[in-house]
Amino acid sequence: MNLHQYFTLSIFLLAFFNACVSSIAQTRACSGTVTESQSGEAIIGANVLVFRDSSGVAAGSIIAGARTNTFGFFSLPQLPYGSYIVLVRAVGYTVAPKALTVSEEITPSGIRLKAERKNVHLDSVTVSGKRSGQSFAPSISIVDISMETVKTMPALGGEPDVYRTIQLMPGVKVANEVSGGLYIRGGSPDQNLTMLDGIPVYNPLHLGGFLSTFNSDAISNTRLIKGAFPAEYGGRLSSVIDITMKEGTKEKFSGSGGVSLLASRLLLEGPIGDKATFMISGRRTYLDLLAGLISGGQSPDYNFHDVNAKFNWTLSDNDRIFVSGYLGQDFLAPPRNPGNEDGLFFSQWGNYTGQLRWTHIFSPTLFTKFTAFTTSHNFGLDTYRRNIRTEERSFRFGINSRLQDFGFRAEAETFFAGGHALKMGVDGVLHNFTTIARDSLPRPDFLRNLNQNLSSWETSAFIQDEWSPSPMLSTNFGVRVSHFQSGNHFFVEPRASVVFNLSEHFSLNAAFAGSSQFLHLLAQPAPNILVPTDAWFPSNERIRPSYSTQYVLGAKYSDTEERLEIAAEVYYKFLQNIYDYKDSLLFSNFVIPVESAITLGNGEAYGLEIFIQKTLGSITGWLGYTLSWTTRTFPDINQGRPFFPRYDRRHDISAMVMFPLGEQWDFSATWVFGTGQAFTMPSSTVELPILLPVQQDPRTQVTTLRNIVTERNSFRLPPFHKLDVNFIYKFQWFSLPFHLSLSVYNVYSRQNPDFARLGYTSNGNVLFIDSIFPIIPTVGLRFSW
């Protein structure tokens with residue numbers, strides 16, 4: 001039998017087993033959903049608590065409990081006959097108690113719990129879950145981020161961005177302030193699994209990393225798993241960024257939007273009859289228009305746009321259909337008035353995703369979902385030489401690349417008495433790689449072309465058991481098996497995590513995870529930003545898959561009454577079979593075979609993270625600190641000696657504070673500090689000829705300057721730090737709510753080292769450090785109806 005047949009058989013066996021157990025014992029399985037009362041959006045991660053009566057509620061005597069999944073579904077397996085009171089506890093919401101009766105004649109299988117949003121000033125960041133007397137799943141290295149707080153944070157250009165909020169979390173680093181590429185616990189950006197509605201997004205950045213591709217208005221929930229993620233996630237080594245789009249309100253047709261100095265956005269949502277809803281949003285920057293007006297057409301022409309859409313139909317109480325998609329594209333062209341520039345370039349890059357998902361409830365204890373999807377990342381670049389006098393253009397170099405996936409996924413969740421929640425799934429993805437390159441060399445009679453197409457299947461299966469045998473102990477044990485067709489690579493990836501509650505306020509946690517990655521991304525030696533020319537390539541017979549082993553130990557103090565949390569975690573990560581370009585590589589426009597350009601090595605990362613958060617009272621906020629070390633070792637780099645990668649930073653501090661200034665004003669501020677980045681200073685510079693694949697006239701020999709390096713990244717740039725503030729004025733206009741955001745970026749105008757470059761003079765090398773952003777006031781406006 002194949003994986004699909006095994007999965008289908010397992011579902012029916014689990015349903016049959018649960019039915020038999022319930023019929024023998026005097027119990028019934030109950031299930032339901034928790035949704036927001038007005039919009040109908042699912043409440044993710046809410047704790048559903050069952051008490052015998054009101055006295056049990058007062059005493060905190062929990063009979064049973066459950067936790068909602070990403071669709072707001074929960075299950076209470078084998079609940080004994082009797083009458084109960086059901087409470088729901090979710091951060092930022094209040095839910096009225098609901099009476100529940102279970103008997104042989106009454107089997108509540110469609111409990112509908114409606115949550116009212118309450119005025120909690122900061123429900124922004126939830127670390128390792130909120131405890132509600134009992135923990136129903138171990139949540140280690142997990143941060144849940146509220147979109148309401150993302151929209152109140154200081155933002156350059158007045159454009160709220162969830163990636164900018166993630167950057168403030170302990171263990172998360174960026175190359176500089178213009179980069180959105182996330183280096184999480186020593187991993188590089190390609191080692192992060194970024195998902196939109198469960199579908200991978202390969203390049204989640206606009207503007208070379210300045211903004212993420214995710215429109216904040218279209219996002220319902222964001223979860224960051226910094227390491228040791230459970231078996232349901234795979235395909236990456238480092239971390240998971242799981243973003244869920246809004247489903248669309250069931251209440252009435254409504255909308256929201258915003259205008260900032262960078263872009264404008266609009267979202268529309270509403271019901272389609274009684275059984276369906278929709279959500280569609282769009283965003284476009286107008287940097288091309290502004291820059292053209294300011295510079296008189298002499299600046300590069302850049303713009304981006306993105307569109308999100310989601311539709312869902314409720315076919316019955318047990319069946320729902322979801323269709324969702326994303327499309328984003330960046331365009332970069334030469335100035336409309338290029339002046340004396342003799343080199344021109346045209347580039348575009350972007351992503352799209354699409355999926356069809358069906359969820360079906362086989363029984364009160366068996367929830368399933370089936371998904372067919374596609375995702376794609378594309379990049380194109382053409383360069384020309386321009387004759388200034390005649391305006392004629394001659395082709396120089398061009399490249400087009402695409403990574404496109406077609407996949408399927410099937411998952412099932414089943415719930416047993418004794419606190420067991422079993423989840424299993426299978427998935428398969430067909431990766432298609434296309435690269436087309438054209439290179440015109442100095443001799444006009446030579447033109448080299450490359451047209452390469454590769455494809456490979458990646459299949460995997462997982463099973464995990466979340467078990468809460470008592471209020472003191474919660475575990476998650478699982479395993480994932482993965483196979484990659486190209487090279488016939490096979491991995492078994494164990495996962496385990498444990499949370500032990502020593503008291504009502506104090507808990508300890510530990511986790512272990514092994515994970516593999518079959519796709520690799522090579523960043524060319526301009527590591528300050530993520531440039532779209534970075535190339536994805538697959539494992540094969542010669543290129544081995546990467547593998548990571550992660551360990552996490554932590555402790556947490558939580559006071560639910562004061563809404564105070566103090567969390568600390570130490571981690572260790574070992575990376576095997578990671579890739580980088582060789583030191584000896586000379587970069588040019590010429591296509592270089594991957595195998596000859598790269599070197600294989602290992603990596604190591606370890607550190608301490610501390611996070612203190614206050615979420616109740618007139619003043620709320622958090623303070624984060626990271627102490628970390630990251631090293632890489634390659635036989636063909638740094639003479640085989642370990643070195644610190646560029647993004648290694650010893651100390652990182654992030655602080656955020658928020659408080660109201662009267663009834664109409666809110667204030668927030670962030671301050672960050674980071675140790676200076678590692679940088680390579682050469683010991684000398686020599687001039688070398690470039691060897692071309694055709695015979696060259698010695699009089700027209702092309703040469704290049706090459707640095708001689710004795711130690712990679714042995715020098716440190718100055719430290720990075722800045723203060724940002726934001727004032728929000730809330731008012732009504734034509735009876736509609738508006739939020740005016742007044743932000744000041746880099747309040748004390750710190751000249752941070754955004755870029756470092758070497759210059760050559762008669763006296764030797766000179767290091768130039770460039771700072772892009774001084775103090776910048778910005779404004780943004782949000783509205784809704």
# chains A, B, ... in the order shown; residues from 1 in each chain; ligands from 1
$ closest_atom_pairs --of "range 229-281 of chain A" --to "range 312-334 of chain A" --cutoff "7 Å" --atoms "only C-alpha atoms" --output "Markdown table"
| residue | atom | partner | partner_atom | distance |
| --- | --- | --- | --- | --- |
| A:Glu247 | CA | A:Asn312 | CA | 6.9 |
| A:Lys275 | CA | A:Thr314 | CA | 5.1 |
| A:Ala276 | CA | A:Trp313 | CA | 4.3 |
| A:Thr277 | CA | A:Asn312 | CA | 5.6 |
| A:Phe278 | CA | A:Asn312 | CA | 6.6 |
$ residues_around --residues "range 667-676 of chain A" --least-positions-apart "6" --cutoff "8 Å" --atoms "only C-alpha atoms" --output "PyMOL selection string"
chain A and resi 152-154+168+649-661+716-728
$ atom_distance --atom1 "CA of Asp427 in chain A" --atom2 "CA of Gly407 in chain A"
7.2 Å
$ closest_residue --among "A:Phe644, A:Phe367, A:Tyr93, A:Phe518" --to "Phe484 in chain A" --atoms "only C-alpha atoms"
A:Phe518
$ closest_residue --among "A:Ile142, A:Ile775, A:Ala410, A:Val88" --to "Pro170 in chain A" --atoms "only C-alpha atoms"
A:Ile142
$ select_by_dssp --residues "range 311-510 of chain A" --states "strand (DSSP E or B)" --output "MDAnalysis selection string"
chainID A and resid 311:316 319:333 343:363 366:386 393:416 420:440 447:470 473:484 489:501 506:510
$ closest_residue --among "A:Gln464, A:Gln38, A:Asn509, A:Thr631" --to "Phe415 in chain A" --atoms "only C-alpha atoms"
A:Gln464
$ closest_residue --among "A:Gly662, A:Lys423, A:Val34, A:Ala155" --to "Ile776 in chain A" --atoms "only C-alpha atoms"
A:Ala155
$ residues_around --residues "Asp770 in chain A" --least-positions-apart "2" --cutoff "8 Å" --atoms "only C-alpha atoms" --output "PyMOL selection string"
chain A and resi 752-756+768+772
$ residues_around --residues "Gln639 in chain A" --least-positions-apart "3" --cutoff "9 Å" --atoms "only C-alpha atoms" --output "list of chain:residue names"
A:Phe634, A:Pro635, A:Asp636, A:Pro642, A:Thr710, A:Glu711
$ write_last_selection --atoms "N, CA and C atoms" --output "PDB file, in the first residue's frame"
ATOM      1  N   PHE A 634      34.288  25.477   7.177  1.00  0.00           N
ATOM      2  CA  PHE A 634      34.334  24.933   5.820  1.00  0.00           C
ATOM      3  C   PHE A 634      35.787  24.634   5.463  1.00  0.00           C
ATOM      4  N   PRO A 635      36.058  23.518   4.827  1.00  0.00           N
ATOM      5  CA  PRO A 635      37.450  23.214   4.466  1.00  0.00           C
ATOM      6  C   PRO A 635      38.058  24.197   3.478  1.00  0.00           C
ATOM      7  N   ASP A 636      37.229  24.842   2.621  1.00  0.00           N
ATOM      8  CA  ASP A 636      37.733  25.748   1.598  1.00  0.00           C
ATOM      9  C   ASP A 636      37.551  27.214   1.951  1.00  0.00           C
ATOM     10  N   PRO A 642      37.403  27.458  12.056  1.00  0.00           N
ATOM     11  CA  PRO A 642      36.076  28.009  12.358  1.00  0.00           C
ATOM     12  C   PRO A 642      36.107  29.543  12.312  1.00  0.00           C
ATOM     13  N   THR A 710      43.563  36.717   5.420  1.00  0.00           N
ATOM     14  CA  THR A 710      44.185  35.728   6.299  1.00  0.00           C
ATOM     15  C   THR A 710      43.228  35.211   7.364  1.00  0.00           C
ATOM     16  N   GLU A 711      42.202  35.987   7.695  1.00  0.00           N
ATOM     17  CA  GLU A 711      41.235  35.570   8.709  1.00  0.00           C
ATOM     18  C   GLU A 711      39.877  36.147   8.359  1.00  0.00           C
TER      19      GLU A 711
END
$ atom_distance --atom1 "CA of Leu262 in chain A" --atom2 "CA of Asn215 in chain A"
12.7 Å
$ closest_residue --among "A:Ser216, A:Gln404, A:Ser141, A:Thr459" --to "Tyr163 in chain A" --atoms "only C-alpha atoms"
A:Ser216
$ select_by_dssp --residues "range 472-719 of chain A" --states "helix (DSSP H, G or I)" --output "PDB file with all heavy atoms, in the first residue's frame"
ATOM      1  N   VAL A 594      27.330  24.900 -10.137  1.00  0.00           N
ATOM      2  CA  VAL A 594      27.154  24.986  -8.694  1.00  0.00           C
ATOM      3  C   VAL A 594      28.173  24.133  -7.959  1.00  0.00           C
ATOM      4  O   VAL A 594      28.795  24.549  -6.999  1.00  0.00           O
ATOM      5  CB  VAL A 594      25.715  24.574  -8.324  1.00  0.00           C
ATOM      6  CG1 VAL A 594      25.596  24.369  -6.825  1.00  0.00           C
ATOM      7  CG2 VAL A 594      24.741  25.639  -8.774  1.00  0.00           C
ATOM      8  N   GLU A 595      28.375  22.882  -8.416  1.00  0.00           N
ATOM      9  CA  GLU A 595      29.239  21.966  -7.690  1.00  0.00           C
ATOM     10  C   GLU A 595      30.670  22.484  -7.577  1.00  0.00           C
ATOM     11  O   GLU A 595      31.346  22.246  -6.587  1.00  0.00           O
ATOM     12  CB  GLU A 595      29.243  20.582  -8.346  1.00  0.00           C
ATOM     13  CG  GLU A 595      27.944  19.806  -8.180  1.00  0.00           C
ATOM     14  CD  GLU A 595      26.919  20.181  -9.240  1.00  0.00           C
ATOM     15  OE1 GLU A 595      27.169  21.152  -9.977  1.00  0.00           O
ATOM     16  OE2 GLU A 595      25.869  19.516  -9.327  1.00  0.00           O
ATOM     17  N   SER A 596      31.136  23.205  -8.591  1.00  0.00           N
ATOM     18  CA  SER A 596      32.512  23.695  -8.566  1.00  0.00           C
ATOM     19  C   SER A 596      32.642  25.000  -7.793  1.00  0.00           C
ATOM     20  O   SER A 596      33.757  25.423  -7.481  1.00  0.00           O
ATOM     21  CB  SER A 596      33.016  23.899  -9.995  1.00  0.00           C
ATOM     22  OG  SER A 596      32.265  24.920 -10.644  1.00  0.00           O
ATOM     23  N   ALA A 597      31.536  25.657  -7.482  1.00  0.00           N
ATOM     24  CA  ALA A 597      31.592  26.969  -6.841  1.00  0.00           C
ATOM     25  C   ALA A 597      31.406  26.906  -5.340  1.00  0.00           C
ATOM     26  O   ALA A 597      31.752  27.857  -4.642  1.00  0.00           O
ATOM     27  CB  ALA A 597      30.524  27.885  -7.445  1.00  0.00           C
ATOM     28  N   ASN A 638      38.570  30.190   5.010  1.00  0.00           N
ATOM     29  CA  ASN A 638      39.331  30.541   6.211  1.00  0.00           C
ATOM     30  C   ASN A 638      40.345  29.457   6.572  1.00  0.00           C
ATOM     31  O   ASN A 638      40.584  29.190   7.752  1.00  0.00           O
ATOM     32  CB  ASN A 638      38.374  30.804   7.387  1.00  0.00           C
ATOM     33  CG  ASN A 638      39.006  31.655   8.474  1.00  0.00           C
ATOM     34  OD1 ASN A 638      39.676  32.646   8.183  1.00  0.00           O
ATOM     35  ND2 ASN A 638      38.791  31.274   9.726  1.00  0.00           N
ATOM     36  N   GLN A 639      40.893  28.808   5.532  1.00  0.00           N
ATOM     37  CA  GLN A 639      41.903  27.763   5.706  1.00  0.00           C
ATOM     38  C   GLN A 639      41.402  26.631   6.610  1.00  0.00           C
ATOM     39  O   GLN A 639      42.174  26.005   7.334  1.00  0.00           O
ATOM     40  CB  GLN A 639      43.198  28.363   6.273  1.00  0.00           C
ATOM     41  CG  GLN A 639      43.782  29.467   5.413  1.00  0.00           C
ATOM     42  CD  GLN A 639      45.005  30.114   6.024  1.00  0.00           C
ATOM     43  OE1 GLN A 639      45.620  29.575   6.938  1.00  0.00           O
ATOM     44  NE2 GLN A 639      45.362  31.296   5.520  1.00  0.00           N
ATOM     45  N   GLY A 640      40.100  26.381   6.542  1.00  0.00           N
ATOM     46  CA  GLY A 640      39.524  25.285   7.312  1.00  0.00           C
ATOM     47  C   GLY A 640      39.299  25.580   8.780  1.00  0.00           C
ATOM     48  O   GLY A 640      38.830  24.702   9.525  1.00  0.00           O
ATOM     49  N   PRO A 698      45.738  39.729 -25.562  1.00  0.00           N
ATOM     50  CA  PRO A 698      46.386  40.207 -24.327  1.00  0.00           C
ATOM     51  C   PRO A 698      46.216  41.702 -24.113  1.00  0.00           C
ATOM     52  O   PRO A 698      46.221  42.176 -22.979  1.00  0.00           O
ATOM     53  CB  PRO A 698      47.858  39.829 -24.543  1.00  0.00           C
ATOM     54  CG  PRO A 698      47.826  38.716 -25.533  1.00  0.00           C
ATOM     55  CD  PRO A 698      46.661  38.985 -26.430  1.00  0.00           C
ATOM     56  N   ARG A 699      46.075  42.464 -25.198  1.00  0.00           N
ATOM     57  CA  ARG A 699      45.924  43.914 -25.046  1.00  0.00           C
ATOM     58  C   ARG A 699      44.566  44.289 -24.463  1.00  0.00           C
ATOM     59  O   ARG A 699      44.372  45.406 -23.998  1.00  0.00           O
ATOM     60  CB  ARG A 699      46.117  44.590 -26.400  1.00  0.00           C
ATOM     61  CG  ARG A 699      47.562  44.494 -26.932  1.00  0.00           C
ATOM     62  CD  ARG A 699      47.638  45.008 -28.358  1.00  0.00           C
ATOM     63  NE  ARG A 699      46.832  44.196 -29.260  1.00  0.00           N
ATOM     64  CZ  ARG A 699      46.698  44.446 -30.564  1.00  0.00           C
ATOM     65  NH1 ARG A 699      47.307  45.510 -31.105  1.00  0.00           N
ATOM     66  NH2 ARG A 699      45.959  43.669 -31.326  1.00  0.00           N
ATOM     67  N   THR A 700      43.590  43.377 -24.557  1.00  0.00           N
ATOM     68  CA  THR A 700      42.250  43.641 -23.998  1.00  0.00           C
ATOM     69  C   THR A 700      41.963  42.731 -22.813  1.00  0.00           C
ATOM     70  O   THR A 700      40.818  42.424 -22.530  1.00  0.00           O
ATOM     71  CB  THR A 700      41.177  43.451 -25.080  1.00  0.00           C
ATOM     72  OG1 THR A 700      41.217  42.093 -25.542  1.00  0.00           O
ATOM     73  CG2 THR A 700      41.392  44.404 -26.230  1.00  0.00           C
TER      74      THR A 700
END
$ closest_residue --among "A:Asp405, A:Glu569, A:Asp306, A:Asp274" --to "Pro200 in chain A" --atoms "only C-alpha atoms"
A:Asp405
$ residues_around --residues "range 371-383 of chain A" --least-positions-apart "3" --cutoff "7 Å" --atoms "only C-alpha atoms" --output "PyMOL selection string"
chain A and resi 200-203+344-358+395-410+532
$ atom_distance --atom1 "CA of Gln751 in chain A" --atom2 "CA of Gln677 in chain A"
14.6 Å
$ decode --residues "range 129-205 of chain A" --atoms "C-alpha atoms" --output "PDB file, in the first residue's frame"
ATOM      1  CA  GLY A 129       1.321  29.975  25.730  1.00  0.00           C
ATOM      2  CA  LYS A 130      -0.838  31.408  28.492  1.00  0.00           C
ATOM      3  CA  ARG A 131      -1.418  29.088  31.384  1.00  0.00           C
ATOM      4  CA  SER A 132      -4.996  28.665  32.478  1.00  0.00           C
ATOM      5  CA  GLY A 133      -4.620  26.329  35.425  1.00  0.00           C
ATOM      6  CA  GLN A 134      -3.670  23.486  33.118  1.00  0.00           C
ATOM      7  CA  SER A 135      -1.447  23.261  30.067  1.00  0.00           C
ATOM      8  CA  PHE A 136      -2.831  21.193  27.208  1.00  0.00           C
ATOM      9  CA  ALA A 137       0.217  21.200  24.917  1.00  0.00           C
ATOM     10  CA  PRO A 138       3.904  21.906  25.453  1.00  0.00           C
ATOM     11  CA  SER A 139       4.711  25.213  23.773  1.00  0.00           C
ATOM     12  CA  ILE A 140       8.474  25.697  23.731  1.00  0.00           C
ATOM     13  CA  SER A 141      10.276  28.504  21.888  1.00  0.00           C
ATOM     14  CA  ILE A 142       6.882  29.685  20.564  1.00  0.00           C
ATOM     15  CA  VAL A 143       5.873  33.335  20.195  1.00  0.00           C
ATOM     16  CA  ASP A 144       2.358  34.333  19.092  1.00  0.00           C
ATOM     17  CA  ILE A 145       2.100  37.869  17.746  1.00  0.00           C
ATOM     18  CA  SER A 146      -1.090  39.926  17.666  1.00  0.00           C
ATOM     19  CA  MET A 147      -1.666  41.996  14.550  1.00  0.00           C
ATOM     20  CA  GLU A 148      -3.192  44.780  16.663  1.00  0.00           C
ATOM     21  CA  THR A 149       0.170  45.367  18.293  1.00  0.00           C
ATOM     22  CA  VAL A 150       1.992  45.173  14.959  1.00  0.00           C
ATOM     23  CA  LYS A 151      -0.160  48.093  13.826  1.00  0.00           C
ATOM     24  CA  THR A 152       0.674  50.166  16.906  1.00  0.00           C
ATOM     25  CA  MET A 153       4.466  49.676  16.740  1.00  0.00           C
ATOM     26  CA  PRO A 154       6.748  52.396  15.366  1.00  0.00           C
ATOM     27  CA  ALA A 155       7.236  51.819  11.639  1.00  0.00           C
ATOM     28  CA  LEU A 156       9.531  53.497   9.138  1.00  0.00           C
ATOM     29  CA  GLY A 157       7.365  55.071   6.466  1.00  0.00           C
ATOM     30  CA  GLY A 158       4.246  54.401   8.569  1.00  0.00           C
ATOM     31  CA  GLU A 159       3.822  50.925   7.014  1.00  0.00           C
ATOM     32  CA  PRO A 160       3.155  48.254   9.710  1.00  0.00           C
ATOM     33  CA  ASP A 161       5.067  45.021   9.118  1.00  0.00           C
ATOM     34  CA  VAL A 162       4.907  41.763  11.073  1.00  0.00           C
ATOM     35  CA  TYR A 163       8.529  40.939  10.202  1.00  0.00           C
ATOM     36  CA  ARG A 164       9.676  44.129  11.917  1.00  0.00           C
ATOM     37  CA  THR A 165       7.932  42.993  15.102  1.00  0.00           C
ATOM     38  CA  ILE A 166       9.472  39.515  14.878  1.00  0.00           C
ATOM     39  CA  GLN A 167      12.895  41.177  14.707  1.00  0.00           C
ATOM     40  CA  LEU A 168      12.372  42.446  18.260  1.00  0.00           C
ATOM     41  CA  MET A 169      12.131  38.942  19.702  1.00  0.00           C
ATOM     42  CA  PRO A 170      15.113  37.391  21.553  1.00  0.00           C
ATOM     43  CA  GLY A 171      17.114  35.056  19.332  1.00  0.00           C
ATOM     44  CA  VAL A 172      16.143  36.889  16.118  1.00  0.00           C
ATOM     45  CA  LYS A 173      18.740  38.954  14.253  1.00  0.00           C
ATOM     46  CA  VAL A 174      18.881  40.890  10.988  1.00  0.00           C
ATOM     47  CA  ALA A 175      21.829  41.949   8.828  1.00  0.00           C
ATOM     48  CA  ASN A 176      20.995  45.654   9.170  1.00  0.00           C
ATOM     49  CA  GLU A 177      18.050  48.034   9.397  1.00  0.00           C
ATOM     50  CA  VAL A 178      17.159  47.790   5.709  1.00  0.00           C
ATOM     51  CA  SER A 179      17.074  43.990   5.735  1.00  0.00           C
ATOM     52  CA  GLY A 180      14.083  41.856   6.667  1.00  0.00           C
ATOM     53  CA  GLY A 181      15.980  38.573   6.366  1.00  0.00           C
ATOM     54  CA  LEU A 182      15.713  36.810   9.711  1.00  0.00           C
ATOM     55  CA  TYR A 183      18.677  34.974  11.255  1.00  0.00           C
ATOM     56  CA  ILE A 184      17.072  32.925  14.023  1.00  0.00           C
ATOM     57  CA  ARG A 185      19.238  31.161  16.586  1.00  0.00           C
ATOM     58  CA  GLY A 186      22.223  31.023  14.289  1.00  0.00           C
ATOM     59  CA  GLY A 187      20.322  29.896  11.198  1.00  0.00           C
ATOM     60  CA  SER A 188      20.279  31.721   7.876  1.00  0.00           C
ATOM     61  CA  PRO A 189      17.055  33.043   6.267  1.00  0.00           C
ATOM     62  CA  ASP A 190      16.724  30.083   3.881  1.00  0.00           C
ATOM     63  CA  GLN A 191      16.585  27.774   6.923  1.00  0.00           C
ATOM     64  CA  ASN A 192      13.319  29.405   8.088  1.00  0.00           C
ATOM     65  CA  LEU A 193      10.073  27.763   7.005  1.00  0.00           C
ATOM     66  CA  THR A 194       7.840  30.736   6.167  1.00  0.00           C
ATOM     67  CA  MET A 195       4.240  29.683   5.505  1.00  0.00           C
ATOM     68  CA  LEU A 196       1.118  31.575   4.469  1.00  0.00           C
ATOM     69  CA  ASP A 197      -1.968  29.508   5.297  1.00  0.00           C
ATOM     70  CA  GLY A 198       0.273  26.458   5.514  1.00  0.00           C
ATOM     71  CA  ILE A 199       1.931  27.004   2.094  1.00  0.00           C
ATOM     72  CA  PRO A 200       5.688  27.789   1.863  1.00  0.00           C
ATOM     73  CA  VAL A 201       6.735  31.223   0.612  1.00  0.00           C
ATOM     74  CA  TYR A 202      10.311  31.202  -0.696  1.00  0.00           C
ATOM     75  CA  ASN A 203      11.109  34.919  -0.736  1.00  0.00           C
ATOM     76  CA  PRO A 204       8.884  36.733   1.801  1.00  0.00           C
ATOM     77  CA  LEU A 205      10.438  40.159   1.251  1.00  0.00           C
TER      78      LEU A 205
END
